[in-house]
Amino acid sequence: MGKRILIVGGVAGGASVAARVRRLDEEAEIIMFEKGPHVSFSNCALPYHLSGEIEDSNKLILMNPAKFDKRYHIEARTNSEVMTINRTKKTITVKNVQTEETYEEGYDYLVLSPGASPIVPPLKGVDSQHVFTVRNVVDIDKLNQFVQQQHIENIAVIGGGFIGLEVAENLAYAGKNVSLVEAQNQVMAPFDSDMVQILHKELIDKGINLVLNDGITQVEESQIVLASGTKVAADAVVMAIGVRPETNLAKEADLAIGKTGGIKVDHNYRTTDPAIYAVGDAIEVHHKITGAKTRLALAGPAQRQARAAADHMYRIPHRNTGVIGSSGIKIFDLNAASTGINEKQAKAANIDYDFVYIIPTDKVGIMPESNVVHFKLLFEIPTGRILGAQAIGKGNVDKRIDVIATMIMMNGTVEDLKELELVYSPIFGTAKDVVNQAALVALNILNGAIKQVKVSEVRELVESNAFIVDVREKKEYEAGHVKNAKNIPLSEFRERLDEIPTDQPVYVHCRSGQRSYNAVASLGNAGYEHVYNISGSFLGISLFEYVNDKKQAREPIVTKYNFK
């Protein structure tokens, strides 16, 4: 007789365990329990129902119990909530949420894949009928029907993470007036502040009322109240502050909980009970780069964890490589992706690092659909080990981040990245791809060939009247430039070296960084010792300063912003 394996929760984690067990063992008895009406659905695609891009919400449902049974001989019980685990008897108590009937089921192995639940702070008014969360198909249906049937126009989305941004975007596509409220100073925590301003600008340009550094304190009938006292019109409110792991079942069974609040598991995803495994959003995992414990609510890692757990039940070895957090998102006309760690995480982990911020094109510039890619690469000092990357642009930023993610998983360095041979065609990329270019610049910094300053430091340079050289052509300079910057085009550079002082630091920029790099190299060859390339150049300065100036009512440091 085969093993009896019970699984709490479906979707990416639980369903993947079930499918893998069936491939390994045709005799195993496999039962999945899901307290909701759907055992397998695309939770990452839920927001796209709001805009009608996914018109029928039923398409979000990937598998129903009948298909699980017919295709895989797996029993999927919906509307079935697992209430308790009796570890001594190796049984669970299940409640049918429709009939309230309870019963027991025994197991050889139990797998916990309960996921994570939306965080809803205990504020006045959050239990109102016009306040929603987005976790499953039922949630998105309720929100969509309410908005349509009540003819809602003003909607506040609370939280600037993946779900918050995707909900805000799709509601805007549906023609609604959307306010996005984030208590921190930026949306999308995986991105550094110099990069995230690009996303902030896109949200503002597309009509989103972006509110940063201000949290919600109260929900009223047709508005929300923020910590600053500001009132924002809202006939519907979507709470997307974040998620917390569903650990109640594990806690009540006296299974260990990790320091991050997730269920503690070993390298094979076993809990402190050898007969109980846990996978997905509810567990604590190992971060490959920092070595710290963390939580990661992503479908890809959940599926790999599921396979590893199922394999371990059948004594198939597994190498746990940890997680690095690779993710992507589309925000209106921009695609954004990241992998590994950012500056904030590197500092928290006490990793000595540096970075490059370049703005090359994603394909050969003369091609009709060529666009710039804002690309940031972090690397360790002095080893050159690649730590992370962020990319934003209209083109295929995801493939560049996938390359970096692969390099990180293979413990690659910027030297390795420099020599990486990638596909080239004018319609796909450039002969020296974005990631290769980033590696070359990183090696220049690592080897001390060039020095740089961040776009976030330019304001201080302007206000202190530092010597800034703009090496763009005269027409570009006249169309908008950094205040106090001296225009010496690269085409005239060698003839005008006498205009550049040798007794003070010199800061150089162009449009995207390529011409300024050449100018910095030229000055270095001419004997200048304190020359700095402004990372991100004028494009980066414009994007960084624009949003901050707009939000903080600051005096601009540029005569006119330029985003092209």
# chains A, B, ... in the order shown; residues from 1 in each chain; ligands from 1
$ residues_around --residues "A:Ser542" --least-positions-apart "2" --cutoff "12 Å" --atoms "only C-alpha atoms" --output "ChimeraX atom specification"
/A:194-195,197-198,201,455-456,458-459,480-482,510-512,536-540,544-550,556-564
$ residues_around --residues "stretch 449-454 of chain A" --least-positions-apart "5" --cutoff "12 Å" --atoms "only C-alpha atoms" --output "MDAnalysis selection string"
chainID A and resid 192:195 354:358 376 440:444 459:461 468 505:509 513 516:525 528:538 540:541 544
$ write_last_selection --atoms "N, CA and C atoms" --output "tab-separated table (two decimals), in the first residue's frame"
chain	number	residue	atom	x	y	z
A	192	ASP	N	16.34	50.47	-5.50
A	192	ASP	CA	16.98	51.57	-4.80
A	192	ASP	C	16.33	52.89	-5.17
A	193	SER	N	16.56	53.91	-4.35
A	193	SER	CA	15.87	55.19	-4.54
A	193	SER	C	16.22	55.86	-5.86
A	194	ASP	N	17.47	55.67	-6.33
A	194	ASP	CA	17.83	56.30	-7.60
A	194	ASP	C	17.12	55.66	-8.78
A	195	MET	N	16.75	54.39	-8.65
A	195	MET	CA	16.03	53.69	-9.72
A	195	MET	C	14.52	53.84	-9.60
A	354	ASP	N	29.99	48.13	-4.25
A	354	ASP	CA	29.87	49.31	-5.09
A	354	ASP	C	28.87	48.96	-6.19
A	355	PHE	N	28.59	49.90	-7.07
A	355	PHE	CA	27.59	49.64	-8.10
A	355	PHE	C	27.90	50.44	-9.35
A	356	VAL	N	27.25	50.04	-10.44
A	356	VAL	CA	27.24	50.86	-11.66
A	356	VAL	C	25.80	51.12	-12.05
A	357	TYR	N	25.57	52.31	-12.61
A	357	TYR	CA	24.25	52.68	-13.11
A	357	TYR	C	24.48	53.18	-14.53
A	358	ILE	N	24.06	52.38	-15.51
A	358	ILE	CA	24.25	52.73	-16.90
A	358	ILE	C	22.90	52.82	-17.60
A	376	LYS	N	21.17	48.89	-13.19
A	376	LYS	CA	22.04	49.06	-12.02
A	376	LYS	C	22.56	47.70	-11.59
A	440	LEU	N	31.85	45.80	-17.68
A	440	LEU	CA	33.04	46.57	-18.05
A	440	LEU	C	33.19	47.82	-17.16
A	441	VAL	N	32.07	48.51	-16.94
A	441	VAL	CA	32.11	49.69	-16.08
A	441	VAL	C	32.45	49.28	-14.65
A	442	ALA	N	31.85	48.17	-14.21
A	442	ALA	CA	32.12	47.68	-12.84
A	442	ALA	C	33.60	47.37	-12.66
A	443	LEU	N	34.21	46.77	-13.66
A	443	LEU	CA	35.63	46.45	-13.56
A	443	LEU	C	36.48	47.71	-13.52
A	444	ASN	N	36.07	48.74	-14.26
A	444	ASN	CA	36.79	50.01	-14.20
A	444	ASN	C	36.75	50.60	-12.79
A	459	ARG	N	22.68	67.15	-6.35
A	459	ARG	CA	22.13	68.37	-5.74
A	459	ARG	C	23.14	69.02	-4.80
A	460	GLU	N	23.79	68.22	-3.99
A	460	GLU	CA	24.79	68.74	-3.06
A	460	GLU	C	25.95	69.38	-3.83
A	461	LEU	N	26.33	68.76	-4.96
A	461	LEU	CA	27.41	69.32	-5.79
A	461	LEU	C	27.01	70.68	-6.36
A	468	ILE	N	31.19	71.17	-12.45
A	468	ILE	CA	30.50	70.11	-13.21
A	468	ILE	C	30.65	70.40	-14.69
A	505	PRO	N	38.18	69.04	-7.57
A	505	PRO	CA	37.49	67.90	-8.19
A	505	PRO	C	36.64	68.34	-9.38
A	506	VAL	N	36.58	67.47	-10.37
A	506	VAL	CA	35.80	67.74	-11.59
A	506	VAL	C	34.78	66.61	-11.75
A	507	TYR	N	33.52	66.99	-11.97
A	507	TYR	CA	32.43	66.02	-12.10
A	507	TYR	C	31.86	66.11	-13.52
A	508	VAL	N	31.77	64.98	-14.19
A	508	VAL	CA	31.44	64.96	-15.62
A	508	VAL	C	30.17	64.17	-15.86
A	509	HIS	N	29.32	64.68	-16.75
A	509	HIS	CA	28.15	63.92	-17.17
A	509	HIS	C	27.84	64.22	-18.63
A	513	GLY	N	25.84	58.55	-20.02
A	513	GLY	CA	27.04	58.07	-19.35
A	513	GLY	C	28.16	57.63	-20.27
A	516	SER	N	30.48	60.78	-21.20
A	516	SER	CA	31.17	61.25	-19.99
A	516	SER	C	32.26	60.28	-19.57
A	517	TYR	N	32.03	58.98	-19.76
A	517	TYR	CA	33.06	58.00	-19.44
A	517	TYR	C	34.32	58.24	-20.29
A	518	ASN	N	34.11	58.51	-21.58
A	518	ASN	CA	35.24	58.79	-22.45
A	518	ASN	C	35.96	60.07	-22.04
A	519	ALA	N	35.18	61.05	-21.61
A	519	ALA	CA	35.78	62.31	-21.15
A	519	ALA	C	36.60	62.10	-19.88
A	520	VAL	N	36.06	61.31	-18.96
A	520	VAL	CA	36.77	61.01	-17.71
A	520	VAL	C	38.09	60.28	-18.01
A	521	ALA	N	38.03	59.31	-18.93
A	521	ALA	CA	39.24	58.58	-19.31
A	521	ALA	C	40.27	59.53	-19.92
A	522	SER	N	39.79	60.45	-20.77
A	522	SER	CA	40.68	61.41	-21.41
A	522	SER	C	41.35	62.32	-20.39
A	523	LEU	N	40.58	62.80	-19.42
A	523	LEU	CA	41.14	63.66	-18.38
A	523	LEU	C	42.15	62.91	-17.53
A	524	GLY	N	41.85	61.65	-17.25
A	524	GLY	CA	42.79	60.84	-16.49
A	524	GLY	C	44.11	60.69	-17.23
A	525	ASN	N	44.03	60.46	-18.53
A	525	ASN	CA	45.24	60.34	-19.35
A	525	ASN	C	46.01	61.66	-19.43
A	528	TYR	N	44.78	64.55	-14.88
A	528	TYR	CA	43.82	64.97	-13.86
A	528	TYR	C	43.61	63.82	-12.87
A	529	GLU	N	43.66	64.12	-11.58
A	529	GLU	CA	43.59	63.05	-10.57
A	529	GLU	C	42.22	62.94	-9.91
A	530	HIS	N	41.50	64.03	-9.81
A	530	HIS	CA	40.22	64.00	-9.06
A	530	HIS	C	39.07	64.26	-10.02
A	531	VAL	N	38.82	63.29	-10.86
A	531	VAL	CA	37.75	63.38	-11.86
A	531	VAL	C	36.72	62.29	-11.57
A	532	TYR	N	35.46	62.69	-11.58
A	532	TYR	CA	34.38	61.76	-11.22
A	532	TYR	C	33.32	61.73	-12.32
A	533	ASN	N	32.90	60.54	-12.67
A	533	ASN	CA	31.79	60.37	-13.60
A	533	ASN	C	30.49	60.36	-12.81
A	534	ILE	N	29.51	61.14	-13.26
A	534	ILE	CA	28.22	61.15	-12.57
A	534	ILE	C	27.40	59.96	-13.06
A	535	SER	N	27.20	59.00	-12.18
A	535	SER	CA	26.48	57.78	-12.51
A	535	SER	C	25.04	58.10	-12.93
A	536	GLY	N	24.63	57.61	-14.08
A	536	GLY	CA	23.27	57.87	-14.55
A	536	GLY	C	23.16	59.09	-15.45
A	537	SER	N	24.15	60.00	-15.36
A	537	SER	CA	24.21	61.19	-16.21
A	537	SER	C	22.90	61.98	-16.21
A	538	PHE	N	22.67	62.77	-17.27
A	538	PHE	CA	21.56	63.73	-17.22
A	538	PHE	C	20.19	63.04	-17.21
A	540	GLY	N	19.47	60.21	-15.73
A	540	GLY	CA	19.28	59.78	-14.35
A	540	GLY	C	19.02	60.94	-13.41
A	541	ILE	N	19.75	62.05	-13.61
A	541	ILE	CA	19.55	63.23	-12.77
A	541	ILE	C	18.13	63.76	-12.94
A	544	PHE	N	15.60	61.41	-11.26
A	544	PHE	CA	15.71	61.43	-9.80
A	544	PHE	C	15.19	62.73	-9.22
$ residues_around --residues "A:Asp139" --least-positions-apart "4" --cutoff "12 Å" --atoms "only C-alpha atoms" --output "CSV table (one decimal) with N, CA, C and O atoms, in the first residue's frame"
chain,number,residue,atom,x,y,z
A,36,GLY,N,-10.9,27.6,0.7
A,36,GLY,CA,-11.7,28.3,-0.3
A,36,GLY,C,-12.3,27.4,-1.3
A,36,GLY,O,-12.2,26.2,-1.3
A,37,PRO,N,-13.0,28.0,-2.3
A,37,PRO,CA,-13.7,27.2,-3.3
A,37,PRO,C,-12.8,26.8,-4.5
A,37,PRO,O,-13.2,26.0,-5.3
A,38,HIS,N,-11.6,27.3,-4.5
A,38,HIS,CA,-10.7,27.0,-5.7
A,38,HIS,C,-9.4,26.5,-5.1
A,38,HIS,O,-8.7,27.2,-4.3
A,43,ASN,N,-2.8,33.3,-8.7
A,43,ASN,CA,-2.9,34.5,-7.8
A,43,ASN,C,-2.2,35.7,-8.3
A,43,ASN,O,-2.5,36.8,-8.1
A,46,LEU,N,-4.4,37.9,-10.7
A,46,LEU,CA,-5.7,38.4,-10.2
A,46,LEU,C,-5.9,39.8,-10.6
A,46,LEU,O,-7.0,40.1,-11.0
A,47,PRO,N,-5.0,40.8,-10.4
A,47,PRO,CA,-5.3,42.2,-10.7
A,47,PRO,C,-5.7,42.4,-12.1
A,47,PRO,O,-6.4,43.4,-12.4
A,49,HIS,N,-7.8,41.1,-13.9
A,49,HIS,CA,-9.3,41.0,-14.1
A,49,HIS,C,-9.9,42.3,-13.9
A,49,HIS,O,-11.0,42.6,-14.6
A,50,LEU,N,-9.4,43.2,-13.2
A,50,LEU,CA,-10.0,44.5,-12.9
A,50,LEU,C,-10.0,45.4,-14.2
A,50,LEU,O,-10.9,46.2,-14.3
A,57,SER,N,-13.2,35.8,-14.9
A,57,SER,CA,-12.5,35.4,-13.7
A,57,SER,C,-12.3,33.9,-13.7
A,57,SER,O,-11.4,33.4,-13.0
A,117,SER,N,-1.5,35.7,4.4
A,117,SER,CA,-2.7,36.5,4.3
A,117,SER,C,-2.4,38.0,4.3
A,117,SER,O,-1.5,38.4,4.9
A,118,PRO,N,-3.3,38.7,3.6
A,118,PRO,CA,-3.1,40.2,3.6
A,118,PRO,C,-3.1,40.8,5.0
A,118,PRO,O,-3.9,40.5,5.8
A,131,VAL,N,-14.2,48.1,1.8
A,131,VAL,CA,-12.8,47.9,2.0
A,131,VAL,C,-12.5,46.4,1.5
A,131,VAL,O,-13.2,45.5,2.0
A,132,PHE,N,-11.4,46.2,0.7
A,132,PHE,CA,-11.2,44.9,0.1
A,132,PHE,C,-9.7,44.5,0.3
A,132,PHE,O,-8.8,45.4,0.4
A,133,THR,N,-9.5,43.2,0.2
A,133,THR,CA,-8.1,42.7,0.1
A,133,THR,C,-8.1,41.8,-1.2
A,133,THR,O,-9.2,41.5,-1.7
A,134,VAL,N,-6.9,41.5,-1.7
A,134,VAL,CA,-6.8,40.7,-2.9
A,134,VAL,C,-5.9,39.5,-2.6
A,134,VAL,O,-4.7,39.6,-2.6
A,135,ARG,N,-6.5,38.3,-2.4
A,135,ARG,CA,-5.7,37.1,-2.2
A,135,ARG,C,-6.1,36.0,-3.1
A,135,ARG,O,-5.3,35.2,-3.5
A,143,LEU,N,-14.3,42.6,-5.4
A,143,LEU,CA,-13.9,44.0,-5.7
A,143,LEU,C,-14.4,44.4,-7.0
A,143,LEU,O,-14.9,45.5,-7.1
A,144,ASN,N,-14.2,43.6,-8.0
A,144,ASN,CA,-14.6,44.0,-9.4
A,144,ASN,C,-16.1,44.2,-9.5
A,144,ASN,O,-16.6,45.2,-10.1
A,145,GLN,N,-16.9,43.4,-8.9
A,145,GLN,CA,-18.4,43.5,-8.9
A,145,GLN,C,-18.8,44.8,-8.2
A,145,GLN,O,-19.7,45.5,-8.6
A,146,PHE,N,-18.2,45.0,-7.0
A,146,PHE,CA,-18.5,46.2,-6.3
A,146,PHE,C,-18.3,47.5,-7.1
A,146,PHE,O,-19.1,48.4,-7.1
A,238,VAL,N,-8.6,49.4,-1.3
A,238,VAL,CA,-8.0,48.1,-1.5
A,238,VAL,C,-6.7,48.1,-0.5
A,238,VAL,O,-5.8,48.9,-0.7
A,239,MET,N,-6.8,47.2,0.4
A,239,MET,CA,-5.6,47.1,1.4
A,239,MET,C,-4.6,46.1,0.8
A,239,MET,O,-4.9,44.9,0.6
$ residues_around --residues "A:Ala76" --least-positions-apart "5" --cutoff "6 Å" --atoms "only C-alpha atoms" --output "PyMOL selection string"
chain A and resi 31-32+65
$ write_last_selection --atoms "C-alpha atoms" --output "short mmCIF file (atom, residue, chain, number, x, y, z; two decimals), in the first residue's frame"
data_model
loop_
_atom_site.label_atom_id
_atom_site.label_comp_id
_atom_site.auth_asym_id
_atom_site.auth_seq_id
_atom_site.Cartn_x
_atom_site.Cartn_y
_atom_site.Cartn_z
CA ILE A 31 -5.50 14.53 -0.68
CA MET A 32 -5.33 18.33 -0.86
CA PRO A 65 -11.06 19.05 -8.31
#
$ atom_distance --atom1 "atom CA of A:Gln437" --atom2 "atom CA of A:Phe379"
14.1 Å
$ select_by_dssp --residues "stretch 312-510 of chain A" --states "strand (DSSP E)" --output "PyMOL selection string"
chain A and resi 327-331+334-340+353-358+373-380+386-393+451-453+467-470+486-487+506-509
$ closest_residue --among "A:Val279, A:Val126, A:Ala439, A:Ile216" --to "A:Arg307" --atoms "only C-alpha atoms"
A:Val279
$ select_by_dssp --residues "stretch 322-411 of chain A" --states "alpha helix (DSSP H)" --output "VMD selection string"
chain A and resid 343 to 348 397 to 409
$ residues_around --residues "A:Val232" --least-positions-apart "5" --cutoff "12 Å" --atoms "only C-alpha atoms" --output "JSON, numbers by chain"
{"A": [154, 155, 156, 157, 158, 177, 178, 179, 180, 181, 209, 210, 211, 214, 215, 216, 217, 218, 219, 220, 221, 222, 223, 224, 225, 226, 227, 237]}
$ write_last_selection --atoms "N, CA and C atoms" --output "short mmCIF file (atom, residue, chain, number, x, y, z; two decimals), in the first residue's frame"
data_model
loop_
_atom_site.label_atom_id
_atom_site.label_comp_id
_atom_site.auth_asym_id
_atom_site.auth_seq_id
_atom_site.Cartn_x
_atom_site.Cartn_y
_atom_site.Cartn_z
N ASN A 154 -13.72 56.77 -7.52
CA ASN A 154 -12.54 57.10 -6.71
C ASN A 154 -12.14 55.91 -5.84
N ILE A 155 -10.92 55.42 -6.08
CA ILE A 155 -10.45 54.23 -5.37
C ILE A 155 -9.06 54.50 -4.79
N ALA A 156 -8.87 54.14 -3.54
CA ALA A 156 -7.56 54.26 -2.89
C ALA A 156 -6.96 52.87 -2.73
N VAL A 157 -5.75 52.71 -3.18
CA VAL A 157 -5.00 51.47 -3.00
C VAL A 157 -3.92 51.75 -1.96
N ILE A 158 -3.91 50.96 -0.91
CA ILE A 158 -2.98 51.19 0.20
C ILE A 158 -1.85 50.18 0.11
N ASN A 177 -10.35 56.78 -11.00
CA ASN A 177 -9.44 57.74 -10.37
C ASN A 177 -8.76 57.02 -9.20
N VAL A 178 -7.47 56.79 -9.34
CA VAL A 178 -6.77 55.93 -8.38
C VAL A 178 -5.74 56.73 -7.58
N SER A 179 -5.80 56.58 -6.26
CA SER A 179 -4.77 57.09 -5.37
C SER A 179 -3.99 55.91 -4.83
N LEU A 180 -2.67 55.99 -4.91
CA LEU A 180 -1.81 54.94 -4.37
C LEU A 180 -1.08 55.51 -3.16
N VAL A 181 -1.33 54.93 -2.00
CA VAL A 181 -0.81 55.46 -0.74
C VAL A 181 0.23 54.50 -0.18
N ASN A 209 -2.61 59.29 -8.41
CA ASN A 209 -2.32 60.21 -7.32
C ASN A 209 -1.40 59.48 -6.35
N LEU A 210 -0.10 59.69 -6.51
CA LEU A 210 0.90 58.96 -5.71
C LEU A 210 1.18 59.71 -4.41
N VAL A 211 0.90 59.03 -3.30
CA VAL A 211 1.13 59.61 -1.97
C VAL A 211 2.18 58.78 -1.26
N ASP A 214 3.29 58.71 3.90
CA ASP A 214 2.04 59.03 4.59
C ASP A 214 1.18 57.77 4.66
N GLY A 215 0.90 57.31 5.85
CA GLY A 215 0.13 56.08 6.02
C GLY A 215 -1.32 56.34 6.33
N ILE A 216 -2.14 55.34 6.10
CA ILE A 216 -3.58 55.44 6.37
C ILE A 216 -3.83 55.30 7.87
N THR A 217 -4.77 56.10 8.38
CA THR A 217 -5.13 56.01 9.80
C THR A 217 -6.61 55.71 10.01
N GLN A 218 -7.44 55.98 8.99
CA GLN A 218 -8.87 55.80 9.16
C GLN A 218 -9.56 55.69 7.80
N VAL A 219 -10.60 54.86 7.76
CA VAL A 219 -11.43 54.72 6.56
C VAL A 219 -12.80 55.31 6.85
N GLU A 220 -13.22 56.25 6.02
CA GLU A 220 -14.56 56.82 6.15
C GLU A 220 -15.40 56.42 4.95
N GLU A 221 -16.64 56.88 4.88
CA GLU A 221 -17.57 56.41 3.86
C GLU A 221 -17.11 56.71 2.45
N SER A 222 -16.56 57.89 2.21
CA SER A 222 -16.17 58.26 0.85
C SER A 222 -14.76 58.84 0.80
N GLN A 223 -13.97 58.57 1.85
CA GLN A 223 -12.60 59.06 1.87
C GLN A 223 -11.80 58.30 2.90
N ILE A 224 -10.47 58.42 2.79
CA ILE A 224 -9.59 57.89 3.83
C ILE A 224 -8.82 59.05 4.44
N VAL A 225 -8.41 58.86 5.68
CA VAL A 225 -7.65 59.88 6.39
C VAL A 225 -6.23 59.36 6.60
N LEU A 226 -5.25 60.20 6.29
CA LEU A 226 -3.85 59.80 6.40
C LEU A 226 -3.23 60.36 7.67
N ALA A 227 -2.04 59.88 7.99
CA ALA A 227 -1.35 60.29 9.22
C ALA A 227 -1.09 61.79 9.25
N VAL A 237 -11.71 51.01 -1.14
CA VAL A 237 -10.35 50.97 -0.61
C VAL A 237 -9.82 49.55 -0.76
#
$ closest_residue --among "A:Thr230, A:Asn96, A:Asn436, A:Thr260" --to "A:Thr294" --atoms "only C-alpha atoms"
A:Thr260
$ atom_distance --atom1 "atom CA of A:Asp235" --atom2 "atom CA of A:Pro121"
18.9 Å
$ closest_atom_pairs --of "stretch 268-320 of chain A" --to "stretch 106-109 of chain A" --cutoff "9 Å" --atoms "only C-alpha atoms" --output "tab-separated table"
residue	atom	partner	partner_atom	distance
A:Pro274	CA	A:Tyr109	CA	8.6
A:Ala275	CA	A:Tyr109	CA	5.0
A:Ile276	CA	A:Tyr109	CA	5.8
A:Tyr277	CA	A:Tyr109	CA	7.6
A:Met313	CA	A:Tyr109	CA	8.0
$ write_last_selection --atoms "all heavy atoms" --output "PDB file, in the first residue's frame"
ATOM      1  N   PRO A 274       9.435  15.412  11.797  1.00  0.00           N
ATOM      2  CA  PRO A 274       9.950  14.790  10.567  1.00  0.00           C
ATOM      3  C   PRO A 274       8.870  14.288   9.615  1.00  0.00           C
ATOM      4  O   PRO A 274       9.165  14.027   8.444  1.00  0.00           O
ATOM      5  CB  PRO A 274      10.814  13.633  11.085  1.00  0.00           C
ATOM      6  CG  PRO A 274      10.352  13.382  12.475  1.00  0.00           C
ATOM      7  CD  PRO A 274       9.894  14.706  13.000  1.00  0.00           C
ATOM      8  N   ALA A 275       7.631  14.177  10.082  1.00  0.00           N
ATOM      9  CA  ALA A 275       6.548  13.726   9.203  1.00  0.00           C
ATOM     10  C   ALA A 275       5.782  14.888   8.578  1.00  0.00           C
ATOM     11  O   ALA A 275       4.844  14.677   7.819  1.00  0.00           O
ATOM     12  CB  ALA A 275       5.575  12.837   9.982  1.00  0.00           C
ATOM     13  N   ILE A 276       6.201  16.123   8.916  1.00  0.00           N
ATOM     14  CA  ILE A 276       5.470  17.297   8.432  1.00  0.00           C
ATOM     15  C   ILE A 276       6.429  18.217   7.678  1.00  0.00           C
ATOM     16  O   ILE A 276       7.467  18.625   8.206  1.00  0.00           O
ATOM     17  CB  ILE A 276       4.808  18.068   9.585  1.00  0.00           C
ATOM     18  CG1 ILE A 276       3.855  17.153  10.357  1.00  0.00           C
ATOM     19  CG2 ILE A 276       4.046  19.285   9.052  1.00  0.00           C
ATOM     20  CD1 ILE A 276       3.220  17.804  11.586  1.00  0.00           C
ATOM     21  N   TYR A 277       6.063  18.533   6.454  1.00  0.00           N
ATOM     22  CA  TYR A 277       6.825  19.450   5.612  1.00  0.00           C
ATOM     23  C   TYR A 277       6.060  20.769   5.490  1.00  0.00           C
ATOM     24  O   TYR A 277       4.850  20.828   5.732  1.00  0.00           O
ATOM     25  CB  TYR A 277       7.033  18.867   4.216  1.00  0.00           C
ATOM     26  CG  TYR A 277       7.905  17.631   4.167  1.00  0.00           C
ATOM     27  CD1 TYR A 277       7.399  16.375   4.530  1.00  0.00           C
ATOM     28  CD2 TYR A 277       9.227  17.708   3.752  1.00  0.00           C
ATOM     29  CE1 TYR A 277       8.193  15.240   4.486  1.00  0.00           C
ATOM     30  CE2 TYR A 277      10.039  16.567   3.694  1.00  0.00           C
ATOM     31  CZ  TYR A 277       9.514  15.345   4.062  1.00  0.00           C
ATOM     32  OH  TYR A 277      10.307  14.226   4.020  1.00  0.00           O
ATOM     33  N   MET A 313      10.625  12.872   0.537  1.00  0.00           N
ATOM     34  CA  MET A 313       9.764  11.780   1.015  1.00  0.00           C
ATOM     35  C   MET A 313      10.173  10.445   0.393  1.00  0.00           C
ATOM     36  O   MET A 313       9.966   9.388   0.978  1.00  0.00           O
ATOM     37  CB  MET A 313       8.306  12.070   0.671  1.00  0.00           C
ATOM     38  CG  MET A 313       7.723  13.290   1.333  1.00  0.00           C
ATOM     39  SD  MET A 313       6.038  13.581   0.706  1.00  0.00           S
ATOM     40  CE  MET A 313       5.765  15.272   1.237  1.00  0.00           C
TER      41      MET A 313
END
$ residues_around --residues "stretch 147-153 of chain A" --least-positions-apart "5" --cutoff "10 Å" --atoms "only C-alpha atoms" --output "NGL selection string"
:A and (50 or 130 or 141-142 or 171-172 or 174-178 or 233-236)
$ write_last_selection --atoms "N, CA, C and O atoms" --output "CSV table (one decimal), in the first residue's frame"
chain,number,residue,atom,x,y,z
A,50,LEU,N,-9.4,43.2,-13.2
A,50,LEU,CA,-10.0,44.5,-12.9
A,50,LEU,C,-10.0,45.4,-14.2
A,50,LEU,O,-10.9,46.2,-14.3
A,130,HIS,N,-16.9,48.6,1.8
A,130,HIS,CA,-16.1,49.1,0.6
A,130,HIS,C,-14.6,49.0,0.8
A,130,HIS,O,-13.9,49.6,0.0
A,141,ASP,N,-13.2,39.0,-7.5
A,141,ASP,CA,-14.6,39.0,-8.0
A,141,ASP,C,-15.4,40.0,-7.2
A,141,ASP,O,-16.1,40.8,-7.7
A,142,LYS,N,-15.2,40.0,-5.9
A,142,LYS,CA,-16.0,40.9,-5.0
A,142,LYS,C,-15.6,42.3,-5.3
A,142,LYS,O,-16.5,43.2,-5.4
A,171,LEU,N,-6.9,49.2,-12.3
A,171,LEU,CA,-8.0,50.1,-12.1
A,171,LEU,C,-7.9,51.4,-12.9
A,171,LEU,O,-8.9,51.9,-13.4
A,172,ALA,N,-6.7,51.9,-13.1
A,172,ALA,CA,-6.5,53.1,-13.9
A,172,ALA,C,-6.9,52.7,-15.4
A,172,ALA,O,-7.5,53.5,-16.1
A,174,ALA,N,-9.1,50.7,-16.2
A,174,ALA,CA,-10.5,50.6,-16.2
A,174,ALA,C,-11.2,52.0,-16.2
A,174,ALA,O,-12.4,52.1,-16.1
A,175,GLY,N,-10.4,53.0,-16.1
A,175,GLY,CA,-10.9,54.4,-16.2
A,175,GLY,C,-11.2,55.0,-14.8
A,175,GLY,O,-11.9,56.0,-14.7
A,176,LYS,N,-10.7,54.4,-13.7
A,176,LYS,CA,-11.0,54.9,-12.4
A,176,LYS,C,-9.9,56.0,-11.9
A,176,LYS,O,-8.8,56.0,-12.4
A,177,ASN,N,-10.3,56.8,-11.0
A,177,ASN,CA,-9.4,57.7,-10.4
A,177,ASN,C,-8.8,57.0,-9.2
A,177,ASN,O,-9.4,56.7,-8.2
A,178,VAL,N,-7.5,56.8,-9.3
A,178,VAL,CA,-6.8,55.9,-8.4
A,178,VAL,C,-5.7,56.7,-7.6
A,178,VAL,O,-4.9,57.5,-8.1
A,233,ALA,N,-10.1,61.1,-1.4
A,233,ALA,CA,-11.4,60.6,-1.9
A,233,ALA,C,-11.2,59.1,-2.2
A,233,ALA,O,-10.4,58.7,-2.9
A,234,ALA,N,-12.2,58.4,-1.6
A,234,ALA,CA,-12.1,56.9,-1.9
A,234,ALA,C,-13.5,56.3,-1.5
A,234,ALA,O,-13.9,56.2,-0.4
A,235,ASP,N,-14.2,55.9,-2.6
A,235,ASP,CA,-15.5,55.2,-2.4
A,235,ASP,C,-15.2,53.7,-2.3
A,235,ASP,O,-16.1,52.9,-2.0
A,236,ALA,N,-14.0,53.3,-2.6
A,236,ALA,CA,-13.6,51.9,-2.4
A,236,ALA,C,-12.1,51.9,-2.0
A,236,ALA,O,-11.3,52.8,-2.4
$ residues_around --residues "A:Glu34" --least-positions-apart "5" --cutoff "9 Å" --atoms "only C-alpha atoms" --output "list in words"
Ile7, Val8, Gly9, Gly10, Val39, Ala76, Arg77, Thr78, Asn79, Ser80, Glu81, Val82 and Pro114 of chain A
$ closest_residue --among "A:His286, A:Lys3, A:Lys363, A:Arg87" --to "A:Leu249" --atoms "only C-alpha atoms"
A:Arg87
